[in-house]
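Participant: So here's target-v4.txt (compact mmCIF, C-alpha atoms).
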```txt
# COMPACT_ATOMS: atom_id res chain seq x y z
CA LEU A 8 -119.97 -92.55 -102.27
CA PRO A 9 -117.80 -95.55 -101.32
CA ALA A 10 -115.87 -95.14 -104.60
CA VAL A 11 -115.06 -91.44 -104.23
CA GLY A 12 -114.48 -91.87 -100.50
CA THR A 13 -111.52 -94.19 -100.96
CA GLU A 14 -107.98 -93.26 -99.98
CA SER A 15 -106.74 -93.98 -103.52
CA TYR A 16 -109.16 -91.46 -105.05
CA ALA A 17 -108.29 -88.87 -102.41
CA GLN A 18 -104.62 -89.36 -103.26
CA ILE A 19 -105.25 -88.86 -106.96
CA LEU A 20 -107.43 -85.82 -106.32
CA LEU A 21 -105.22 -84.07 -103.77
CA VAL A 22 -101.77 -85.06 -104.94
CA TYR A 23 -101.85 -85.80 -108.65
CA LEU A 24 -104.59 -83.46 -109.82
CA TRP A 25 -104.29 -80.52 -107.45
CA CYS A 26 -100.51 -80.62 -107.17
CA LEU A 27 -100.22 -81.04 -110.93
CA GLY A 28 -102.68 -78.23 -111.55
CA GLY A 29 -101.01 -76.06 -108.93
CA LEU A 30 -97.59 -76.64 -110.47
CA ILE A 31 -98.80 -75.76 -113.97
CA GLY A 32 -100.60 -72.74 -112.51
CA LEU A 33 -97.34 -71.61 -110.92
CA TRP A 34 -95.63 -71.95 -114.28
CA THR A 35 -98.17 -69.53 -115.76
CA ARG A 36 -96.80 -67.00 -113.25
CA THR A 37 -93.09 -67.85 -113.54
CA GLY A 38 -93.12 -68.72 -117.26
CA GLY A 39 -90.86 -71.69 -116.45
CA ALA A 40 -92.42 -74.28 -118.75
CA GLN A 41 -92.69 -71.85 -121.66
CA TYR A 42 -89.08 -70.72 -121.17
CA PHE A 43 -87.94 -74.35 -121.22
CA ALA A 44 -90.03 -74.92 -124.34
CA ARG A 45 -88.25 -72.12 -126.17
CA TRP A 46 -84.88 -73.29 -124.85
CA ALA A 47 -85.52 -76.90 -125.93
CA GLY A 48 -87.02 -75.78 -129.22
CA GLU A 49 -83.92 -73.80 -130.15
CA ARG A 50 -81.66 -76.79 -129.52
CA MET A 51 -83.73 -79.89 -130.26
CA VAL A 52 -86.89 -79.09 -132.15
CA ARG A 53 -86.87 -78.14 -135.81
CA GLY A 54 -90.51 -78.74 -136.66
CA ARG A 55 -93.47 -81.03 -136.03
CA LYS A 56 -91.52 -84.28 -136.42
CA THR A 57 -88.75 -83.39 -134.02
CA ALA A 58 -91.27 -81.95 -131.55
CA LYS A 59 -93.19 -85.23 -131.55
CA LEU A 60 -89.97 -87.22 -131.31
CA PHE A 61 -89.02 -85.07 -128.32
CA GLY A 62 -92.36 -86.03 -126.77
CA CYS A 63 -91.65 -89.74 -127.33
CA ILE A 64 -88.20 -89.46 -125.79
CA ILE A 65 -89.51 -87.65 -122.71
CA GLY A 66 -92.24 -90.28 -122.32
CA THR A 67 -89.62 -93.02 -122.59
CA VAL A 68 -87.40 -91.35 -120.00
CA PHE A 69 -90.34 -91.04 -117.59
CA HIS A 70 -91.16 -94.71 -118.12
CA GLN A 71 -92.60 -95.53 -114.70
CA GLY A 72 -96.02 -95.88 -116.32
CA GLY A 73 -99.42 -94.65 -115.23
CA THR A 74 -100.04 -91.22 -113.77
CA ILE A 75 -96.40 -90.34 -113.13
CA SER A 76 -95.28 -90.62 -116.74
CA THR A 77 -98.39 -89.00 -118.24
CA ILE A 78 -98.14 -86.01 -115.91
CA LEU A 79 -94.39 -85.51 -116.31
CA ALA A 80 -94.32 -86.10 -120.05
CA GLY A 81 -97.48 -84.13 -120.79
CA SER A 82 -96.57 -81.07 -118.74
CA THR A 83 -93.01 -81.05 -120.10
CA VAL A 84 -93.66 -81.44 -123.83
CA LYS A 85 -96.94 -79.53 -124.21
CA PRO A 86 -95.37 -76.07 -124.55
CA VAL A 87 -92.80 -77.43 -127.03
CA CYS A 88 -95.39 -79.21 -129.16
CA ASP A 89 -97.88 -76.33 -129.00
CA GLU A 90 -95.18 -74.04 -130.35
CA ALA A 91 -94.41 -76.55 -133.15
CA LYS A 92 -98.13 -76.85 -134.05
CA VAL A 93 -98.64 -80.46 -132.99
CA SER A 94 -102.36 -81.06 -132.53
CA HIS A 95 -103.56 -82.05 -129.08
CA GLU A 96 -104.93 -85.30 -130.50
CA GLU A 97 -101.42 -86.21 -131.66
CA LEU A 98 -99.79 -85.08 -128.43
CA SER A 99 -102.19 -86.93 -126.13
CA TYR A 100 -101.61 -90.12 -128.14
CA LEU A 101 -97.83 -89.75 -127.79
CA VAL A 102 -98.08 -89.17 -124.04
CA ASP A 103 -100.54 -92.01 -123.42
CA SER A 104 -98.68 -94.49 -125.62
CA THR A 105 -95.39 -93.88 -123.84
CA ALA A 106 -96.89 -94.51 -120.40
CA SER A 107 -98.04 -98.05 -119.59
CA PRO A 108 -96.72 -99.68 -122.82
CA ILE A 109 -93.22 -98.38 -122.10
CA ALA A 110 -93.51 -99.47 -118.46
CA THR A 111 -94.01 -103.10 -119.51
CA VAL A 112 -91.27 -103.06 -122.16
CA ILE A 113 -88.65 -101.24 -120.03
CA PRO A 114 -89.83 -102.50 -116.63
CA PHE A 115 -87.27 -100.87 -114.33
CA ASN A 116 -90.13 -99.98 -112.05
CA VAL A 117 -92.62 -101.56 -109.65
CA TRP A 118 -94.55 -103.48 -112.32
CA PRO A 119 -92.55 -106.77 -112.12
CA SER A 120 -92.84 -106.86 -108.33
CA TYR A 121 -96.57 -106.16 -108.47
CA VAL A 122 -97.26 -108.90 -111.02
CA ALA A 123 -94.94 -111.32 -109.21
CA GLY A 124 -97.00 -110.90 -106.07
CA LEU A 125 -100.10 -111.94 -108.01
CA VAL A 126 -98.70 -115.11 -109.59
CA VAL A 127 -96.21 -116.43 -107.01
CA GLY A 128 -97.18 -119.95 -105.94
CA THR A 129 -99.90 -120.34 -108.58
CA ILE A 130 -97.81 -122.80 -110.66
CA PRO A 131 -94.45 -124.58 -110.13
CA LEU A 132 -92.67 -122.10 -112.44
CA PHE A 133 -93.47 -119.35 -109.94
CA ALA A 134 -92.32 -121.04 -106.74
CA THR A 135 -90.78 -117.84 -105.38
CA THR A 136 -91.19 -114.12 -105.98
CA GLY A 137 -87.74 -114.09 -107.58
CA ASP A 138 -88.86 -116.76 -110.05
CA ALA A 139 -91.92 -114.72 -110.98
CA ILE A 140 -89.92 -111.50 -111.42
CA SER A 141 -87.39 -113.29 -113.62
CA PHE A 142 -90.22 -114.72 -115.70
CA PHE A 143 -91.63 -111.21 -116.16
CA TYR A 144 -88.35 -110.08 -117.72
CA LYS A 145 -88.22 -113.15 -119.95
CA ALA A 146 -91.73 -112.40 -121.17
CA ILE A 147 -90.84 -108.86 -122.29
CA PHE A 148 -89.96 -110.08 -125.79
CA PHE A 149 -93.38 -111.72 -126.05
CA ASN A 150 -95.32 -108.70 -124.87
CA PHE A 151 -96.22 -108.02 -128.48
CA TYR A 152 -98.74 -105.28 -127.80
CA GLY A 153 -96.32 -103.31 -125.63
CA ILE A 154 -93.55 -103.58 -128.23
CA LEU A 155 -95.82 -102.72 -131.15
CA ALA A 156 -97.45 -99.83 -129.28
CA VAL A 157 -94.05 -98.26 -128.67
CA PHE A 158 -92.98 -98.91 -132.28
CA PHE A 159 -96.21 -97.40 -133.60
CA THR A 160 -95.69 -94.33 -131.40
CA TYR A 161 -92.20 -93.60 -132.67
CA THR A 162 -93.16 -94.20 -136.31
CA PHE A 163 -96.15 -91.92 -135.76
CA ALA A 164 -93.86 -89.21 -134.43
CA LEU A 165 -91.64 -89.56 -137.50
CA GLU A 166 -94.77 -89.52 -139.72
CA VAL A 167 -94.02 -92.89 -141.32
CA ASN A 168 -96.80 -94.87 -139.62
CA PRO A 169 -99.05 -96.30 -142.37
CA PHE A 170 -102.05 -96.70 -140.04
CA VAL A 171 -102.90 -93.01 -139.58
CA PHE A 172 -106.43 -92.44 -140.85
CA GLY A 173 -109.87 -91.24 -139.81
CA LYS A 174 -110.11 -88.59 -137.09
CA MET A 175 -106.38 -88.58 -136.39
CA LYS A 176 -105.60 -87.84 -140.03
CA LYS A 177 -108.17 -85.04 -140.02
CA ALA A 178 -106.59 -83.57 -136.89
CA ILE A 179 -103.18 -83.56 -138.58
CA GLU A 180 -104.60 -81.95 -141.73
CA ARG A 181 -106.41 -79.33 -139.60
CA VAL A 182 -103.38 -78.23 -137.63
CA LYS A 183 -101.19 -78.16 -140.75
CA SER A 184 -103.69 -76.05 -142.69
CA ASN A 185 -104.79 -73.48 -140.10
CA GLY A 186 -102.73 -74.12 -136.95
CA GLN A 187 -105.73 -75.08 -134.78
CA LEU A 188 -104.53 -77.39 -132.00
CA ASP A 189 -108.11 -78.59 -131.30
CA ARG A 190 -111.20 -78.89 -133.43
CA PRO A 191 -113.40 -75.76 -133.20
CA ASP A 192 -116.12 -77.28 -130.98
CA ALA A 193 -113.77 -79.32 -128.76
CA HIS A 194 -114.25 -79.44 -124.99
CA THR A 195 -110.66 -79.47 -123.82
CA MET A 196 -109.62 -80.90 -120.46
CA SER A 197 -107.68 -77.79 -119.47
CA SER A 198 -108.96 -74.30 -118.88
CA LYS A 199 -107.73 -70.81 -119.59
CA GLU A 200 -106.21 -70.71 -116.09
CA LEU A 201 -103.65 -73.27 -117.28
CA ASP A 202 -102.99 -71.71 -120.69
CA GLU A 203 -102.74 -67.95 -120.10
CA LEU A 204 -99.42 -66.50 -118.97
CA LYS A 205 -99.69 -63.94 -116.16
CA ILE A 206 -96.02 -63.23 -115.44
CA PRO A 207 -95.73 -60.34 -112.94
CA GLU A 208 -93.94 -57.24 -114.14
CA GLY A 209 -90.22 -57.41 -113.44
CA TYR A 210 -90.07 -61.20 -113.01
CA LYS A 211 -87.52 -62.88 -115.30
CA PRO A 212 -88.39 -66.48 -116.27
CA GLY A 213 -85.59 -69.04 -116.50
CA ASN A 214 -84.95 -72.76 -116.80
CA ILE A 215 -84.56 -72.92 -113.02
CA ASP A 216 -88.31 -72.26 -112.67
CA PHE A 217 -88.97 -75.45 -114.62
CA ALA A 218 -85.97 -77.61 -113.76
CA VAL A 219 -86.02 -77.38 -109.95
CA PRO A 220 -89.60 -78.69 -109.38
CA ILE A 221 -89.30 -81.35 -112.12
CA LEU A 222 -85.92 -82.58 -110.84
CA THR A 223 -87.31 -82.56 -107.29
CA LEU A 224 -90.23 -84.71 -108.39
CA ILE A 225 -88.00 -87.18 -110.22
CA GLY A 226 -85.28 -87.16 -107.57
CA VAL A 227 -87.62 -87.87 -104.66
CA ALA A 228 -89.49 -90.57 -106.61
CA VAL A 229 -86.37 -92.36 -107.89
CA GLY A 230 -84.44 -91.82 -104.66
CA GLY A 231 -87.25 -93.34 -102.65
CA LEU A 232 -87.33 -96.35 -104.96
CA ILE A 233 -83.57 -96.85 -104.61
CA PHE A 234 -83.16 -96.23 -100.88
CA LEU A 235 -86.59 -97.15 -99.50
CA GLY A 236 -87.77 -99.75 -101.96
CA SER A 237 -90.94 -97.81 -102.78
CA VAL A 238 -91.85 -94.62 -104.61
CA PRO A 239 -92.97 -91.82 -102.23
CA ILE A 240 -95.38 -90.30 -104.74
CA ASN A 241 -97.26 -88.07 -102.32
CA GLU A 242 -94.09 -86.51 -100.98
CA ALA A 243 -92.60 -86.14 -104.46
CA PHE A 244 -95.52 -84.15 -105.84
CA VAL A 245 -95.95 -81.97 -102.77
CA LEU A 246 -92.24 -81.15 -102.64
CA ALA A 247 -92.23 -80.33 -106.36
CA VAL A 248 -94.94 -77.71 -105.81
CA LEU A 249 -93.24 -76.33 -102.70
CA THR A 250 -89.88 -75.99 -104.45
CA ALA A 251 -91.57 -74.19 -107.35
CA MET A 252 -93.04 -71.76 -104.83
CA VAL A 253 -89.71 -71.28 -103.05
CA VAL A 254 -87.84 -70.61 -106.30
CA ALA A 255 -90.43 -68.01 -107.33
CA LEU A 256 -90.24 -66.30 -103.93
CA ILE A 257 -86.43 -66.28 -103.93
CA LYS A 258 -86.46 -64.69 -107.39
CA GLY A 259 -88.64 -61.88 -106.09
CA MET A 260 -92.25 -62.87 -106.81
CA ARG A 261 -94.75 -61.72 -104.19
CA LEU A 262 -96.40 -64.37 -102.05
CA THR A 263 -99.87 -63.29 -103.22
CA GLU A 264 -98.86 -63.91 -106.86
CA VAL A 265 -97.48 -67.34 -105.96
CA VAL A 266 -100.68 -68.34 -104.16
CA ASP A 267 -102.86 -66.95 -106.96
CA GLY A 268 -100.94 -69.02 -109.49
CA PHE A 269 -101.40 -72.18 -107.45
CA VAL A 270 -105.14 -71.52 -106.98
CA ASP A 271 -105.63 -70.84 -110.70
CA GLY A 272 -103.96 -74.17 -111.41
CA VAL A 273 -106.24 -76.04 -109.01
CA LYS A 274 -109.27 -74.39 -110.62
CA GLY A 275 -107.98 -75.43 -114.03
CA VAL A 276 -108.13 -79.18 -113.30
CA SER A 277 -111.60 -79.20 -111.71
CA LEU A 278 -113.15 -80.78 -114.82
CA GLY A 279 -110.59 -83.57 -114.75
CA ALA A 280 -111.32 -84.20 -111.08
CA ILE A 281 -115.04 -84.59 -111.76
CA ILE A 282 -114.50 -86.94 -114.71
CA LEU A 283 -112.06 -89.03 -112.70
CA ALA A 284 -114.54 -89.27 -109.81
CA LEU A 285 -117.20 -90.58 -112.19
CA ALA A 286 -114.67 -92.99 -113.72
CA VAL A 287 -113.80 -94.40 -110.30
CA THR A 288 -117.50 -94.78 -109.56
CA LEU A 289 -118.11 -96.62 -112.83
CA GLY A 290 -115.21 -98.94 -112.09
CA ARG A 291 -116.72 -99.78 -108.68
CA VAL A 292 -120.09 -100.50 -110.30
CA SER A 293 -118.43 -102.82 -112.83
CA SER A 294 -116.62 -104.63 -110.05
CA SER A 295 -119.81 -104.99 -107.99
CA LEU A 296 -121.63 -106.51 -110.95
CA GLY A 297 -118.87 -109.12 -111.36
CA THR A 298 -118.06 -108.05 -114.91
CA ALA A 299 -114.48 -109.37 -114.84
CA GLY A 300 -115.38 -112.77 -113.42
CA PHE A 301 -118.23 -113.19 -115.90
CA LEU A 302 -115.97 -112.44 -118.87
CA ILE A 303 -113.39 -114.98 -117.70
CA ARG A 304 -115.92 -117.72 -117.02
CA THR A 305 -117.69 -117.36 -120.36
CA THR A 306 -114.63 -116.86 -122.56
CA SER A 307 -112.04 -119.16 -121.02
CA GLU A 308 -114.16 -122.23 -121.77
CA ILE A 309 -113.02 -122.00 -125.41
CA ILE A 310 -109.73 -123.77 -124.72
CA VAL A 311 -107.75 -124.52 -127.86
CA PRO A 312 -104.05 -124.44 -126.90
CA ALA A 313 -102.89 -122.51 -129.98
CA PHE A 314 -105.60 -119.89 -129.51
CA LEU A 315 -105.35 -119.53 -125.72
CA PRO A 316 -102.74 -116.70 -125.70
CA ALA A 317 -104.88 -114.65 -128.09
CA ILE A 318 -107.97 -115.45 -126.00
CA PHE A 319 -106.21 -114.27 -122.84
CA MET A 320 -105.24 -111.11 -124.63
CA LEU A 321 -108.82 -110.46 -125.74
CA ILE A 322 -110.17 -111.15 -122.25
CA CYS A 323 -107.71 -108.67 -120.73
CA MET A 324 -108.49 -106.08 -123.40
CA LEU A 325 -112.21 -106.28 -122.60
CA ILE A 326 -111.82 -106.26 -118.82
CA ALA A 327 -109.26 -103.45 -118.71
CA PHE A 328 -111.34 -101.37 -121.12
CA SER A 329 -114.41 -101.93 -118.94
CA VAL A 330 -112.81 -101.13 -115.59
CA GLY A 331 -110.13 -98.69 -116.78
CA SER A 332 -107.21 -100.36 -115.02
CA SER A 333 -104.39 -102.63 -116.18
CA TRP A 334 -103.32 -103.43 -112.62
CA GLY A 335 -106.88 -104.23 -111.63
CA THR A 336 -107.11 -106.55 -114.62
CA TYR A 337 -103.84 -108.23 -113.68
CA ALA A 338 -105.20 -108.84 -110.18
CA VAL A 339 -108.23 -110.61 -111.62
CA VAL A 340 -106.74 -112.47 -114.59
CA PHE A 341 -103.19 -113.54 -113.68
CA PRO A 342 -104.11 -115.82 -110.73
CA ILE A 343 -106.63 -117.62 -112.98
CA ALA A 344 -104.91 -117.49 -116.37
CA MET A 345 -101.55 -118.94 -115.31
CA PRO A 346 -102.91 -122.13 -113.69
CA LEU A 347 -105.30 -122.57 -116.64
CA ALA A 348 -102.48 -122.21 -119.19
CA TYR A 349 -100.23 -124.54 -117.18
CA ALA A 350 -102.98 -127.16 -117.13
CA VAL A 351 -103.38 -126.89 -120.90
CA ASN A 352 -99.63 -127.01 -121.64
CA PRO A 353 -96.93 -126.73 -118.94
CA ASP A 354 -94.19 -125.95 -121.46
CA PRO A 355 -92.25 -122.83 -120.25
CA PHE A 356 -92.24 -121.28 -123.72
CA TYR A 357 -96.01 -121.65 -123.99
CA MET A 358 -96.38 -120.13 -120.54
CA THR A 359 -94.23 -117.19 -121.69
CA LEU A 360 -96.61 -116.57 -124.60
CA CYS A 361 -99.62 -116.61 -122.28
CA PHE A 362 -97.87 -114.38 -119.74
CA GLY A 363 -96.96 -111.81 -122.41
CA ALA A 364 -100.50 -111.88 -123.79
CA VAL A 365 -101.97 -110.99 -120.39
CA LEU A 366 -99.39 -108.21 -119.93
CA GLY A 367 -100.14 -106.59 -123.28
CA GLY A 368 -103.88 -107.13 -123.39
CA ALA A 369 -104.45 -105.34 -120.08
CA VAL A 370 -102.25 -102.42 -121.17
CA TYR A 371 -104.29 -102.03 -124.37
CA GLY A 372 -107.56 -101.88 -122.45
CA ASP A 373 -106.16 -99.43 -119.92
CA GLN A 374 -104.70 -97.21 -122.63
CA CYS A 375 -107.90 -97.06 -124.69
CA SER A 376 -110.48 -96.93 -121.91
CA PRO A 377 -112.13 -93.52 -121.50
CA ILE A 378 -112.39 -94.14 -117.74
CA SER A 379 -108.73 -95.01 -117.23
CA ASP A 380 -106.82 -92.56 -115.05
CA THR A 381 -103.89 -92.52 -117.49
CA THR A 382 -106.22 -91.78 -120.41
CA ILE A 383 -107.92 -88.98 -118.49
CA LEU A 384 -104.65 -87.50 -117.25
CA SER A 385 -103.12 -87.69 -120.75
CA SER A 386 -106.01 -85.55 -121.98
CA LEU A 387 -105.66 -83.25 -118.98
CA ALA A 388 -101.89 -82.80 -119.18
CA THR A 389 -101.97 -82.06 -122.92
CA GLY A 390 -105.14 -79.95 -122.94
CA SER A 391 -106.99 -82.29 -125.30
CA ASP A 392 -110.68 -83.00 -125.70
CA HIS A 393 -110.97 -86.29 -123.80
CA MET A 394 -113.12 -88.22 -126.26
CA ASP A 395 -111.11 -86.86 -129.18
CA HIS A 396 -108.07 -88.39 -127.53
CA VAL A 397 -109.86 -91.72 -127.01
CA THR A 398 -111.28 -92.00 -130.52
CA THR A 399 -108.09 -90.92 -132.31
CA GLN A 400 -105.71 -93.25 -130.49
CA MET A 401 -107.96 -96.33 -130.48
CA PRO A 402 -107.58 -97.31 -134.18
CA MET A 403 -103.77 -97.50 -134.07
CA ALA A 404 -103.81 -99.23 -130.68
CA THR A 405 -106.36 -101.77 -131.93
CA ILE A 406 -104.31 -102.54 -135.04
CA ALA A 407 -101.25 -103.12 -132.85
CA ALA A 408 -103.30 -105.43 -130.60
CA GLY A 409 -104.66 -107.31 -133.62
CA ILE A 410 -101.18 -107.89 -135.00
CA GLY A 411 -100.08 -109.07 -131.58
CA ALA A 412 -102.93 -111.58 -131.32
CA VAL A 413 -102.09 -112.98 -134.77
CA LEU A 414 -98.42 -113.35 -133.79
CA TYR A 415 -99.36 -115.27 -130.64
CA THR A 416 -101.50 -117.66 -132.66
CA ILE A 417 -98.92 -118.24 -135.41
CA ILE A 418 -96.07 -118.82 -132.95
CA ALA A 419 -98.21 -121.17 -130.85
CA LEU A 420 -99.23 -123.16 -133.94
CA VAL A 421 -95.66 -123.46 -135.18
CA ALA A 422 -93.90 -124.05 -131.87
CA LEU A 423 -96.32 -126.48 -130.22
```
What's the structure tokens form of this structure?
Facilitator:
Amino acid sequence: LPAVGTESYAQILLVYLWCLGGLIGLWTRTGGAQYFARWAGERMVRGRKTAKLFGCIIGTVFHQGGTISTILAGSTVKPVCDEAKVSHEELSYLVDSTASPIATVIPFNVWPSYVAGLVVGTIPLFATTGDAISFFYKAIFFNFYGILAVFFTYTFALEVNPFVFGKMKKAIERVKSNGQLDRPDAHTMSSKELDELKIPEGYKPGNIDFAVPILTLIGVAVGGLIFLGSVPINEAFVLAVLTAMVVALIKGMRLTEVVDGFVDGVKGVSLGAIILALAVTLGRVSSSLGTAGFLIRTTSEIIVPAFLPAIFMLICMLIAFSVGSSWGTYAVVFPIAMPLAYAVNPDPFYMTLCFGAVLGGAVYGDQCSPISDTTILSSLATGSDHMDHVTTQMPMATIAAGIGAVLYTIIALVAL
């Protein structure tokens, strides 16, 4: 009860889930997303590869990370990729992998400020918030998991990634052979209310039905960041839904049809709301048991300077996977990891390695955790079976993390 009674969960439920569902439900009445899909397909998409590349580009453009990017990217590219016969396992991986990883590699967002607030004053290198933010940008090139995750995603889209095997390979073979976007017994995160078009007779879909609410969402979010210094997420999502309603009404749709579309959309994300509530609860249980602190205490005792960056990365991977949050992991690990690393070796380059390892390790755990909000919303926005999404993206993500850990160790051995 305390977990689902929090303001943050209420915000996710009412704004992200219901507004997202309502917006998609409205598009089933206006045909806006499908019209845009056909429009984009005629000009940009020439098959599966270009459809997946389109998905990567959209995810990169919406690079704020977390729920914003997964919702925007997923809802935008799903109609395009469905038309091009891209399996939902592939699509959910593309959407999830261009969320938090991109946000740490192209951090023109709130991530540097958030992390800076956690580490400022912990060591002499972070005397001020400006110092910490500058260090974040310097550490981008040593955020090996973030860089490799993005690289793997684009090579996957172009079908030149050599690490595609197991369930992901089967999903690709399935959709190529018979066009099935999901396996036959999949339990997808979306419902028929979000997939079936119910365009009223006489209503003419157009790009305006799609563009106005999406541009409203982006404009309010980015405008707030520029002029107010913070992203007004609640207002952005609510205004996006309202503008979609207004456009439909101006174009002649009856108010009852508009409301019915919104209600169908809300109904369609009910399963996602329940899963997210249980995920929040599990995260609270993990926090109450002291899981994060226990992992740090037991693992950080193995202090060999050359191995410490890789150890930090592993710690963050485990914690973030357990609690389903990269930011929550940062809050626990950064204030402890930076003083510990500085005590072992105060060299700025060594500190950069450790900083990048914490950044990437937490993103891996968040991306792969089945209780992460971005993982859940990636499944929801793309209509994928949630555990199919988790189990198909984890092998490639783990390989990227493994390569990153090896790079940290080799560079630390050579440079120190």
Participant: Give as a PDB file with C-alpha atoms, keeping the file's coordinate frame the set of residues within 12 Å of the point (-111.5, -87.8, -132.2), where distances use the file's coordinates and only C-alpha atoms.
Facilitator:
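Written file, part11.pdb:
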```
ATOM      1  CA  SER A  94    -102.360 -81.060-132.530  1.00  0.00           C
ATOM      2  CA  HIS A  95    -103.560 -82.050-129.080  1.00  0.00           C
ATOM      3  CA  GLU A  96    -104.930 -85.300-130.500  1.00  0.00           C
ATOM      4  CA  GLU A  97    -101.420 -86.210-131.660  1.00  0.00           C
ATOM      5  CA  SER A  99    -102.190 -86.930-126.130  1.00  0.00           C
ATOM      6  CA  TYR A 100    -101.610 -90.120-128.140  1.00  0.00           C
ATOM      7  CA  PHE A 172    -106.430 -92.440-140.850  1.00  0.00           C
ATOM      8  CA  GLY A 173    -109.870 -91.240-139.810  1.00  0.00           C
ATOM      9  CA  LYS A 174    -110.110 -88.590-137.090  1.00  0.00           C
ATOM     10  CA  MET A 175    -106.380 -88.580-136.390  1.00  0.00           C
ATOM     11  CA  LYS A 176    -105.600 -87.840-140.030  1.00  0.00           C
ATOM     12  CA  LYS A 177    -108.170 -85.040-140.020  1.00  0.00           C
ATOM     13  CA  ALA A 178    -106.590 -83.570-136.890  1.00  0.00           C
ATOM     14  CA  ILE A 179    -103.180 -83.560-138.580  1.00  0.00           C
ATOM     15  CA  ASP A 189    -108.110 -78.590-131.300  1.00  0.00           C
ATOM     16  CA  ARG A 190    -111.200 -78.890-133.430  1.00  0.00           C
ATOM     17  CA  ASP A 192    -116.120 -77.280-130.980  1.00  0.00           C
ATOM     18  CA  ALA A 193    -113.770 -79.320-128.760  1.00  0.00           C
ATOM     19  CA  HIS A 194    -114.250 -79.440-124.990  1.00  0.00           C
ATOM     20  CA  THR A 195    -110.660 -79.470-123.820  1.00  0.00           C
ATOM     21  CA  SER A 386    -106.010 -85.550-121.980  1.00  0.00           C
ATOM     22  CA  SER A 391    -106.990 -82.290-125.300  1.00  0.00           C
ATOM     23  CA  ASP A 392    -110.680 -83.000-125.700  1.00  0.00           C
ATOM     24  CA  HIS A 393    -110.970 -86.290-123.800  1.00  0.00           C
ATOM     25  CA  MET A 394    -113.120 -88.220-126.260  1.00  0.00           C
ATOM     26  CA  ASP A 395    -111.110 -86.860-129.180  1.00  0.00           C
ATOM     27  CA  HIS A 396    -108.070 -88.390-127.530  1.00  0.00           C
ATOM     28  CA  VAL A 397    -109.860 -91.720-127.010  1.00  0.00           C
ATOM     29  CA  THR A 398    -111.280 -92.000-130.520  1.00  0.00           C
ATOM     30  CA  THR A 399    -108.090 -90.920-132.310  1.00  0.00           C
ATOM     31  CA  GLN A 400    -105.710 -93.250-130.490  1.00  0.00           C
ATOM     32  CA  MET A 401    -107.960 -96.330-130.480  1.00  0.00           C
ATOM     33  CA  PRO A 402    -107.580 -97.310-134.180  1.00  0.00           C
TER      34      PRO A 402
END
```
Participant: Pick from A:Ala388, A:Val421, A:Val102, A:Ala10: nearest to Ile65 in chain A, with all atoms listed in the file counted?
Facilitator: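 Of A:Ala388, A:Val421, A:Val102, A:Ala10, the one nearest Ile65 in chain A, counting all atoms listed in the file, is A:Val102.
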Participant: Closest to Thr263 in chain A among A:Val171, A:Ile417, A:Ala408, A:Leu33, using only C-alpha atoms?
Facilitator: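 Once distances to Thr263 in chain A are computed over only C-alpha atoms, the minimum belongs to A:Leu33.
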Participant: Measuring atom to atom with all atoms listed in the file, identify which of A:Val253, A:Val330, A:Val273, A:Val84 is nearest to Pro377 in chain A.
Facilitator: A:Val330
Participant: Near Ser379 in chain A, within 7 Å and counting all atoms listed in the file, which residues show up once chain neighbours fewer than 5 positions away are dropped, as a ChimeraX atom specification?
Facilitator: /A:331-332,373
Participant: Atoms to include: C-alpha atoms. Write the selected residues as a CSV table (one decimal), in the frame of the given file.
Facilitator:
```csv
chain,number,residue,atom,x,y,z
A,331,GLY,CA,-110.1,-98.7,-116.8
A,332,SER,CA,-107.2,-100.4,-115.0
A,373,ASP,CA,-106.2,-99.4,-119.9
```
Participant: Figure out the distance between CA of Ala350 in chain A and CA of Ala317 in chain A, please, to one decimal in Å.
Facilitator: 16.7 Å
Participant: Could you tell me how far CA of Asn352 in chain A sits from CA of Gly297 in chain A, in Å to one decimal place?
Facilitator: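 Computing it gives 28.2 Å between the two atoms.
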Participant: At what distance in Å, to one decimal, does CA of Ile147 in chain A lie from CA of Met345 in chain A?
Facilitator: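 For CA of Met345 in chain A relative to CA of Ile147 in chain A, the distance reads 16.3 Å.
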Participant: I'd like to know which of A:Met324, A:Ala422, A:Ala284, A:Leu246 is closest to Gly12 in chain A, using all atoms listed in the file.
Facilitator: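 Looking only at the distances to Gly12 in chain A, the closest residue turns out to be A:Ala284.
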Participant: Ranking A:Arg291, A:Lys145, A:Lys258, A:Lys92 by minimum distance to Lys59 in chain A and counting only C-alpha atoms, which one comes first?
Facilitator: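 Distance minimum relative to Lys59 in chain A lands on A:Lys92.
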Participant: Tell me which protein, DNA and RNA residues are within 12 Å of Met51 in chain A, counting all atoms listed in the file, leaving out same-chain ones fewer than 3 positions away, and put them as a ChimeraX atom specification.
Facilitator: /A:43-48,54-62,64,84,87-88,91
